[in-house]
>>> print(open('coords_39.txt').read())   # compact mmCIF, C-alpha atoms and all ligand atoms
# COMPACT_ATOMS: atom_id res chain seq x y z
CA MET A 1 1.10 -6.48 20.93
CA LYS A 2 1.02 -2.98 19.48
CA VAL A 3 1.71 -2.71 15.74
CA ARG A 4 4.49 -0.11 15.45
CA LYS A 5 6.29 -1.05 12.26
CA ALA A 6 5.28 -1.07 8.61
CA VAL A 7 6.87 -2.33 5.42
CA ILE A 8 6.20 -0.74 2.04
CA PRO A 9 7.40 -2.88 -0.88
CA ALA A 10 8.37 -0.44 -3.64
CA ALA A 11 10.81 -2.39 -5.77
CA GLY A 12 8.56 -3.10 -8.76
CA LEU A 13 9.59 -2.01 -12.23
CA GLY A 14 6.38 -0.07 -12.94
CA THR A 15 5.89 -1.65 -16.34
CA ARG A 16 2.17 -0.80 -16.45
CA MET A 17 2.93 2.94 -16.38
CA LEU A 18 5.63 3.21 -19.03
CA PRO A 19 7.10 5.36 -20.45
CA ALA A 20 6.58 7.72 -17.45
CA THR A 21 8.16 5.19 -15.09
CA LYS A 22 11.26 4.58 -17.18
CA THR A 23 13.25 6.99 -14.99
CA VAL A 24 10.72 8.19 -12.38
CA PRO A 25 9.76 5.53 -9.82
CA LYS A 26 6.01 4.88 -10.07
CA GLU A 27 5.76 5.66 -6.33
CA MET A 28 7.01 9.19 -7.11
CA LEU A 29 4.36 10.04 -9.71
CA PRO A 30 2.31 13.01 -8.48
CA LEU A 31 -1.26 12.46 -7.38
CA VAL A 32 -2.55 16.07 -7.34
CA ASP A 33 0.41 17.69 -5.54
CA LYS A 34 2.05 14.83 -3.65
CA PRO A 35 3.84 11.68 -4.79
CA VAL A 36 1.85 8.46 -4.47
CA ILE A 37 4.10 7.08 -1.71
CA GLN A 38 3.36 10.07 0.52
CA TYR A 39 -0.31 9.03 0.72
CA ILE A 40 0.81 5.56 1.84
CA ILE A 41 3.13 6.94 4.51
CA GLU A 42 0.45 9.37 5.72
CA GLU A 43 -2.00 6.45 6.10
CA ALA A 44 0.60 4.46 8.06
CA VAL A 45 1.38 7.39 10.39
CA ALA A 46 -2.34 8.14 10.89
CA SER A 47 -2.76 4.47 11.86
CA GLY A 48 -0.17 4.73 14.66
CA ILE A 49 2.91 3.42 12.82
CA GLU A 50 6.23 4.86 14.01
CA ASP A 51 8.90 3.09 11.93
CA ILE A 52 8.61 2.39 8.21
CA LEU A 53 10.83 0.25 6.00
CA VAL A 54 10.66 0.90 2.26
CA VAL A 55 11.92 -1.97 0.11
CA THR A 56 13.47 -0.31 -2.94
CA ASN A 57 15.80 -1.14 -5.82
CA ARG A 58 18.66 0.56 -7.62
CA ALA A 59 16.35 2.76 -9.72
CA LYS A 60 14.44 4.31 -6.80
CA SER A 61 16.84 6.74 -5.12
CA ALA A 62 14.45 9.65 -5.85
CA MET A 63 12.33 8.22 -3.02
CA ASP A 64 14.96 8.47 -0.28
CA ASP A 65 15.94 11.94 -1.55
CA TYR A 66 12.31 13.01 -1.22
CA PHE A 67 12.13 12.10 2.48
CA ASP A 68 15.46 13.82 3.26
CA TYR A 69 16.06 17.47 4.25
CA TYR A 70 16.85 19.88 1.40
CA PRO A 71 18.53 22.87 3.13
CA GLU A 72 19.26 24.91 -0.04
CA LEU A 73 15.62 24.76 -1.11
CA GLU A 74 14.30 25.48 2.39
CA ASP A 75 16.68 28.48 2.79
CA ARG A 76 15.60 29.86 -0.58
CA LEU A 77 11.91 29.53 0.35
CA LEU A 78 12.48 31.16 3.76
CA SER A 79 14.47 34.07 2.34
CA SER A 80 11.75 34.76 -0.22
CA GLY A 81 9.03 34.85 2.46
CA LYS A 82 7.52 31.44 1.63
CA GLU A 83 7.55 30.10 5.19
CA ASP A 84 4.46 27.94 4.59
CA LEU A 85 6.04 26.13 1.68
CA ALA A 86 9.33 25.73 3.57
CA GLY A 87 7.30 24.12 6.37
CA VAL A 88 5.62 21.74 3.92
CA VAL A 89 8.97 20.72 2.42
CA ARG A 90 10.51 20.15 5.88
CA GLY A 91 7.38 18.36 7.14
CA VAL A 92 7.70 15.66 4.46
CA ALA A 93 11.09 14.69 5.89
CA ASP A 94 9.84 14.63 9.48
CA MET A 95 6.72 12.47 8.95
CA ALA A 96 8.13 9.20 10.27
CA ASN A 97 11.35 7.24 10.84
CA ILE A 98 11.90 5.88 7.37
CA PHE A 99 14.39 3.10 6.66
CA TYR A 100 15.36 1.60 3.32
CA VAL A 101 16.58 -1.76 2.13
CA ARG A 102 17.21 -2.79 -1.45
CA GLN A 103 15.75 -5.89 -3.00
CA LYS A 104 18.74 -6.80 -5.12
CA ALA A 105 16.81 -9.03 -7.53
CA THR A 106 13.18 -8.83 -8.64
CA GLN A 107 11.87 -12.13 -7.29
CA GLY A 108 8.34 -11.22 -6.26
CA LEU A 109 6.35 -9.63 -3.45
CA GLY A 110 7.03 -12.48 -1.00
CA HIS A 111 10.76 -12.12 -1.55
CA ALA A 112 10.53 -8.33 -1.07
CA ILE A 113 8.72 -8.78 2.27
CA GLY A 114 11.38 -11.31 3.29
CA ARG A 115 13.97 -8.47 3.10
CA ALA A 116 12.23 -6.86 6.11
CA ARG A 117 13.07 -9.63 8.60
CA ARG A 118 15.91 -7.81 10.42
CA PHE A 119 13.90 -4.57 10.58
CA VAL A 120 10.76 -6.23 11.94
CA GLY A 121 12.30 -8.64 14.46
CA ASP A 122 9.76 -10.56 16.53
CA GLU A 123 6.62 -8.43 16.50
CA PRO A 124 3.50 -8.10 14.34
CA PHE A 125 3.93 -5.61 11.52
CA ALA A 126 1.93 -3.93 8.78
CA VAL A 127 2.39 -4.16 5.01
CA LEU A 128 1.08 -1.44 2.68
CA LEU A 129 1.43 -2.01 -1.07
CA GLY A 130 2.66 1.13 -2.82
CA ASP A 131 0.12 1.03 -5.67
CA ASP A 132 -2.99 0.78 -3.49
CA ILE A 133 -4.17 4.23 -2.40
CA MET A 134 -7.15 4.51 -0.07
CA MET A 135 -9.75 7.22 0.45
CA SER A 136 -11.55 6.59 3.75
CA GLU A 137 -12.85 8.24 6.91
CA LYS A 138 -10.86 6.00 9.24
CA PRO A 139 -7.43 5.02 7.83
CA VAL A 140 -7.75 1.56 6.29
CA LEU A 141 -4.62 0.28 8.05
CA ARG A 142 -6.08 1.48 11.39
CA GLN A 143 -9.19 -0.65 10.67
CA LEU A 144 -6.92 -3.72 10.24
CA ILE A 145 -4.81 -2.95 13.31
CA GLU A 146 -7.91 -2.75 15.52
CA VAL A 147 -9.01 -6.21 14.34
CA SER A 148 -5.50 -7.57 14.81
CA GLU A 149 -5.37 -6.26 18.39
CA LYS A 150 -8.83 -7.60 19.22
CA TYR A 151 -8.31 -11.09 17.78
CA LYS A 152 -4.52 -11.30 18.39
CA SER A 153 -4.13 -12.45 14.81
CA SER A 154 -2.82 -11.60 11.37
CA VAL A 155 -5.30 -9.58 9.28
CA VAL A 156 -5.79 -8.92 5.57
CA GLY A 157 -7.85 -6.05 4.11
CA VAL A 158 -10.41 -7.31 1.60
CA GLN A 159 -13.22 -6.06 -0.60
CA GLN A 160 -15.53 -7.76 -3.04
CA VAL A 161 -14.54 -7.39 -6.71
CA SER A 162 -16.11 -8.50 -9.99
CA ASP A 163 -15.70 -11.95 -11.56
CA GLU A 164 -13.43 -10.39 -14.15
CA ALA A 165 -11.24 -8.58 -11.58
CA ILE A 166 -10.70 -11.42 -9.10
CA THR A 167 -8.28 -13.14 -11.51
CA SER A 168 -5.91 -10.16 -11.10
CA TYR A 169 -5.85 -10.39 -7.29
CA SER A 170 -5.74 -12.97 -4.52
CA SER A 171 -9.03 -14.59 -3.51
CA VAL A 172 -9.93 -15.47 0.07
CA ARG A 173 -11.82 -18.39 1.62
CA MET A 174 -13.41 -17.03 4.79
CA THR A 175 -16.37 -17.13 7.15
CA ASN A 176 -18.07 -14.22 8.86
CA VAL A 177 -17.30 -13.71 12.55
CA GLU A 178 -18.97 -10.37 13.28
CA GLY A 179 -19.89 -7.28 11.25
CA ARG A 180 -17.14 -6.70 8.68
CA VAL A 181 -14.75 -9.22 10.26
CA TYR A 182 -14.12 -12.73 8.87
CA GLU A 183 -11.87 -15.67 9.70
CA VAL A 184 -9.64 -16.75 6.80
CA SER A 185 -8.91 -20.41 6.08
CA ASP A 186 -7.18 -20.13 2.69
CA VAL A 187 -6.04 -17.70 -0.01
CA ASN A 188 -4.75 -18.11 -3.56
CA GLU A 189 -3.02 -15.76 -5.99
CA LYS A 190 -4.46 -14.80 -9.41
CA PRO A 191 -7.05 -17.61 -9.44
CA THR A 192 -9.09 -18.65 -12.46
CA GLN A 193 -12.90 -18.61 -12.10
CA GLU A 194 -12.72 -22.32 -11.21
CA GLU A 195 -9.94 -21.85 -8.65
CA LYS A 196 -11.25 -18.76 -6.82
CA PHE A 197 -12.43 -19.20 -3.22
CA SER A 198 -14.74 -16.16 -3.34
CA ASN A 199 -14.89 -12.72 -4.96
CA PHE A 200 -13.26 -11.19 -1.87
CA ALA A 201 -9.79 -9.99 -2.88
CA ILE A 202 -6.90 -8.84 -0.69
CA LEU A 203 -6.32 -5.20 -1.63
CA GLY A 204 -2.92 -4.05 -0.47
CA ARG A 205 -3.15 -3.91 3.33
CA TYR A 206 -1.95 -6.56 5.79
CA VAL A 207 -1.02 -6.99 9.45
CA LEU A 208 1.23 -10.02 9.73
CA SER A 209 2.71 -12.24 12.39
CA PRO A 210 6.55 -12.37 12.16
CA ARG A 211 6.06 -16.14 11.57
CA ILE A 212 5.63 -15.13 7.91
CA PHE A 213 9.42 -14.80 7.58
CA ASP A 214 10.11 -18.48 8.35
CA ILE A 215 7.31 -19.40 5.96
CA LEU A 216 8.61 -17.17 3.14
CA ASP A 217 12.07 -18.73 3.55
CA HIS A 218 10.72 -22.04 2.26
CA THR A 219 7.92 -20.76 -0.02
CA ALA A 220 8.54 -22.05 -3.55
CA PRO A 221 8.12 -19.74 -6.56
CA GLY A 222 4.44 -19.60 -7.56
CA HIS A 223 2.48 -17.47 -10.04
CA ASN A 224 4.80 -15.90 -12.64
CA GLY A 225 7.77 -17.86 -11.23
CA GLU A 226 7.94 -15.37 -8.33
CA ILE A 227 7.84 -15.91 -4.57
CA GLN A 228 4.29 -14.84 -3.80
CA LEU A 229 3.30 -13.29 -0.47
CA THR A 230 -0.12 -14.88 -0.97
CA ASP A 231 1.39 -18.40 -0.97
CA GLY A 232 3.05 -17.55 2.36
CA LEU A 233 -0.27 -16.17 3.67
CA ALA A 234 -2.01 -19.43 2.78
CA GLU A 235 0.38 -21.31 5.07
CA LEU A 236 0.09 -18.59 7.76
CA ALA A 237 -3.71 -18.95 7.69
CA ARG A 238 -3.61 -22.75 7.77
CA THR A 239 -1.18 -22.89 10.71
CA GLY A 240 -2.43 -19.98 12.82
CA ARG A 241 -5.18 -17.40 13.10
CA MET A 242 -5.83 -14.98 10.25
CA MET A 243 -8.74 -12.59 10.05
CA ALA A 244 -9.99 -10.46 7.15
CA VAL A 245 -11.70 -7.11 7.39
CA ASP A 246 -14.01 -5.91 4.64
CA PHE A 247 -12.65 -2.41 5.03
CA GLU A 248 -14.59 0.83 4.68
CA GLY A 249 -13.19 3.13 2.03
CA ARG A 250 -12.42 3.30 -1.65
CA ARG A 251 -9.25 1.76 -3.01
CA TYR A 252 -7.47 2.95 -6.17
CA ASP A 253 -4.88 0.92 -8.07
CA THR A 254 -2.49 3.71 -9.05
CA GLY A 255 -0.18 1.17 -10.73
CA ASN A 256 -2.25 1.35 -13.92
CA LEU A 257 -3.39 4.33 -15.94
CA LYS A 258 -7.13 3.93 -15.33
CA GLY A 259 -6.78 3.69 -11.55
CA PHE A 260 -4.25 6.50 -11.55
CA LEU A 261 -6.61 8.85 -13.43
CA GLU A 262 -9.57 7.92 -11.21
CA ALA A 263 -7.50 8.64 -8.10
CA THR A 264 -6.24 11.93 -9.55
CA ILE A 265 -9.79 13.13 -10.26
CA ASP A 266 -11.27 11.97 -6.93
CA PHE A 267 -8.45 13.37 -4.80
CA ALA A 268 -8.41 16.65 -6.74
CA LEU A 269 -12.20 16.96 -6.32
CA LYS A 270 -11.83 16.41 -2.57
CA ASP A 271 -9.01 18.95 -2.20
CA PRO A 272 -10.39 22.39 -1.22
CA GLN A 273 -7.73 24.08 -3.38
CA THR A 274 -8.61 22.28 -6.61
CA GLY A 275 -12.07 20.72 -5.99
CA PRO A 276 -14.44 23.62 -6.79
CA TRP A 277 -12.56 24.59 -9.93
CA LEU A 278 -12.20 20.99 -11.17
CA GLY A 279 -15.89 20.26 -10.49
CA GLY A 280 -16.87 23.18 -12.76
CA PHE A 281 -14.36 22.15 -15.42
CA ILE A 282 -15.69 18.57 -15.50
CA LYS A 283 -19.32 19.78 -15.74
CA ASP A 284 -18.40 21.97 -18.73
CA LYS A 285 -16.59 19.11 -20.41
CA ALA A 286 -19.47 16.70 -19.77
CA LYS A 287 -21.81 19.01 -21.74
CA LEU A 288 -19.60 18.48 -24.79
CA LEU A 289 -19.50 14.67 -24.55
C1 LIG B 301 -0.62 -7.84 -5.53
C2 LIG B 301 -0.80 -9.10 -4.69
C3 LIG B 301 -2.24 -9.59 -4.77
C4 LIG B 301 -3.18 -8.46 -4.34
C5 LIG B 301 -2.92 -7.22 -5.22
C6 LIG B 301 -3.77 -6.02 -4.82
O1 LIG B 301 -0.79 -8.18 -6.88
O2 LIG B 301 0.09 -10.11 -5.15
O3 LIG B 301 -2.41 -10.69 -3.92
O4 LIG B 301 -4.53 -8.88 -4.43
O5 LIG B 301 -1.54 -6.83 -5.15
O6 LIG B 301 -3.35 -5.45 -3.65
P1 LIG B 301 -0.20 -7.24 -8.09
O7 LIG B 301 -1.07 -6.02 -8.14
O8 LIG B 301 1.21 -6.91 -7.71
O9 LIG B 301 -0.30 -8.09 -9.32
>>> encode(input="coords_39.txt", output="structure tokens", more="lines below")
Ligand code: G1P
Amino acid sequence: MKVRKAVIPAAGLGTRMLPATKTVPKEMLPLVDKPVIQYIIEEAVASGIEDILVVTNRAKSAMDDYFDYYPELEDRLLSSGKEDLAGVVRGVADMANIFYVRQKATQGLGHAIGRARRFVGDEPFAVLLGDDIMMSEKPVLRQLIEVSEKYKSSVVGVQQVSDEAITSYSSVRMTNVEGRVYEVSDVNEKPTQEEKFSNFAILGRYVLSPRIFDILDHTAPGHNGEIQLTDGLAELARTGRMMAVDFEGRRYDTGNLKGFLEATIDFALKDPQTGPWLGGFIKDKAKLL
């Protein structure tokens, strides 16, 4: 079945990026000249997604304003001859059909995904975590969707991380099927070195069977006392087919300062408007270090 819908959980408090995120949602922080969430939505649209549900909370209304029309601003830009910019501003609002639901209490990623049940209905759907920004030739979500369509299964996007890093992610027990595709038998959240299944971590992209909703309904709180999506995925993998794809591309965790700065530099270097200038600026700085 075609994957047409995506869910973006964006109800976190952004505590790793304070004080900037005290009043600005972390998803709205600018990466070069666009808010972080726009990169996520662009990846979803480029992967063939038509309808997107953003799971928000009471402090995130700047996000729904951003994807709305802004007639006063557009009129002002048009009347001052800035048609291009008016087109850019309008284009943001026309990118996709975006829906919103609020997670009324912060009870974890699994609980946030559970809020999407009515929106998703009975079809496979994608999940894109708002902090994980990808730079790739082929959109990372598209890579997962192709595997999901071929194997008629759920799929998680994975990459190998260091021993130190795996304890901050979910680790995956899996066996190779072909090329970059694996079959998953188990996953666990924030494992210790003794508990980890491998150094392959799930990094923010999923295609899931709607069976996950029944599973999340009875998933007990796990790590941090929160309902963990990973605990639901473990049951999904044990009771049905789940594949993993070791995706091609670089992933940035923009939810912390280091990842955010790395993404800012790499995306600005890639952008034809800022790249040549920034490259020269960095070379000059490097001489002084
Ligand atoms: C979340 C997930 C975790 C995943 C990680 C990176 O963790 O719970 O399984 O590996 O994102 O995508 P968080 O970054 O919210 O601690």
>>> atom_distance(input="coords_39.txt", atom1="atom CA of Tyr169 of chain A", atom2="atom C2 of ligand LIG 301 (chain B)")
5.8 Å
>>> atom_distance(input="coords_39.txt", atom1="atom CA of Thr264 of chain A", atom2="atom CA of Trp277 of chain A")
14.2 Å
>>> closest_atom_pairs(input="coords_39.txt", of="segment 122-203 of chain A", to="segment 23-36 of chain A", cutoff="8 Å", atoms="only C-alpha atoms", output="tab-separated table")
residue	atom	partner	partner_atom	distance
A:Gly130	CA	A:Glu27	CA	6.5
A:Asp131	CA	A:Glu27	CA	7.3
A:Ile133	CA	A:Val36	CA	7.6
>>> residues_near_ligand(input="coords_39.txt", ligand="ligand LIG 301 (chain B)", cutoff="6 Å", atoms="only C-alpha atoms and all ligand atoms", output="ChimeraX atom specification")
/A:169-170,189,201-204,230
>>> residues_around(input="coords_39.txt", residues="Arg90 of chain A", least_positions_apart="3", cutoff="10 Å", atoms="all atoms listed in the file", output="number ranges by chain")
A: 67-71, 73-74, 84-87, 93-95
>>> closest_atom_pairs(input="coords_39.txt", of="segment 14-85 of chain A", to="segment 207-220 of chain A", cutoff="12 Å", atoms="all atoms listed in the file", output="CSV")
residue,atom,partner,partner_atom,distance
A:Ala44,CA,A:Val207,CA,11.6
A:Ser47,CA,A:Val207,CA,11.8
A:Ile49,CA,A:Val207,CA,11.6
>>> residues_around(input="coords_39.txt", residues="segment 232-242 of chain A", least_positions_apart="6", cutoff="6 Å", atoms="all atoms listed in the file", output="JSON, numbers by chain")
{"A": [153, 154, 155, 184, 185, 186, 187, 215, 216]}
>>> closest_residue(input="coords_39.txt", among="A:Lys22, A:Gly179, A:Thr192, A:Phe197", to="Ala59 of chain A", atoms="all atoms listed in the file")
A:Lys22
>>> residues_around(input="coords_39.txt", residues="segment 105-113 of chain A", least_positions_apart="4", cutoff="7 Å", atoms="only C-alpha atoms", output="list in words")
Pro9, Val55, Leu216, Glu226, Ile227, Gln228 and Leu229 of chain A
>>> residues_near_point(input="coords_39.txt", point="(-7.7, 17.5, -10.3)", cutoff="12 Å", atoms="only C-alpha atoms", output="PyMOL selection string")
chain A and resi 30-33+260-282
>>> atom_distance(input="coords_39.txt", atom1="atom CA of Phe99 of chain A", atom2="atom CA of Leu53 of chain A")
4.6 Å
>>> closest_residue(input="coords_39.txt", among="A:Phe247, A:Phe200, A:Tyr39, A:Tyr66", to="Leu129 of chain A", atoms="only C-alpha atoms")
A:Tyr39
>>> closest_residue(input="coords_39.txt", among="A:Lys2, A:Lys190, A:Arg76, A:Arg16", to="Lys258 of chain A", atoms="all atoms listed in the file")
A:Arg16
>>> residues_near_point(input="coords_39.txt", point="(17.2, -6.4, -1.8)", cutoff="8 Å", atoms="all atoms listed in the file", output="JSON, numbers by chain")
{"A": [55, 56, 57, 101, 102, 103, 104, 105, 112, 115]}
>>> closest_residue(input="coords_39.txt", among="A:Ile98, A:Glu146, A:Arg250, A:Gln193", to="Ser168 of chain A", atoms="all atoms listed in the file")
A:Gln193
>>> closest_atom_pairs(input="coords_39.txt", of="segment 4-29 of chain A", to="segment 138-145 of chain A", cutoff="12 Å", atoms="only C-alpha atoms", output="JSON lines")
{"residue": "A:Arg4", "atom": "CA", "partner": "A:Ile145", "partner_atom": "CA", "distance": 10.0}
{"residue": "A:Lys5", "atom": "CA", "partner": "A:Ile145", "partner_atom": "CA", "distance": 11.3}
{"residue": "A:Ala6", "atom": "CA", "partner": "A:Leu141", "partner_atom": "CA", "distance": 10.0}
>>> closest_residue(input="coords_39.txt", among="A:Glu43, A:Gln159, A:Glu248, A:Thr167", to="Lys196 of chain A", atoms="all atoms listed in the file")
A:Thr167
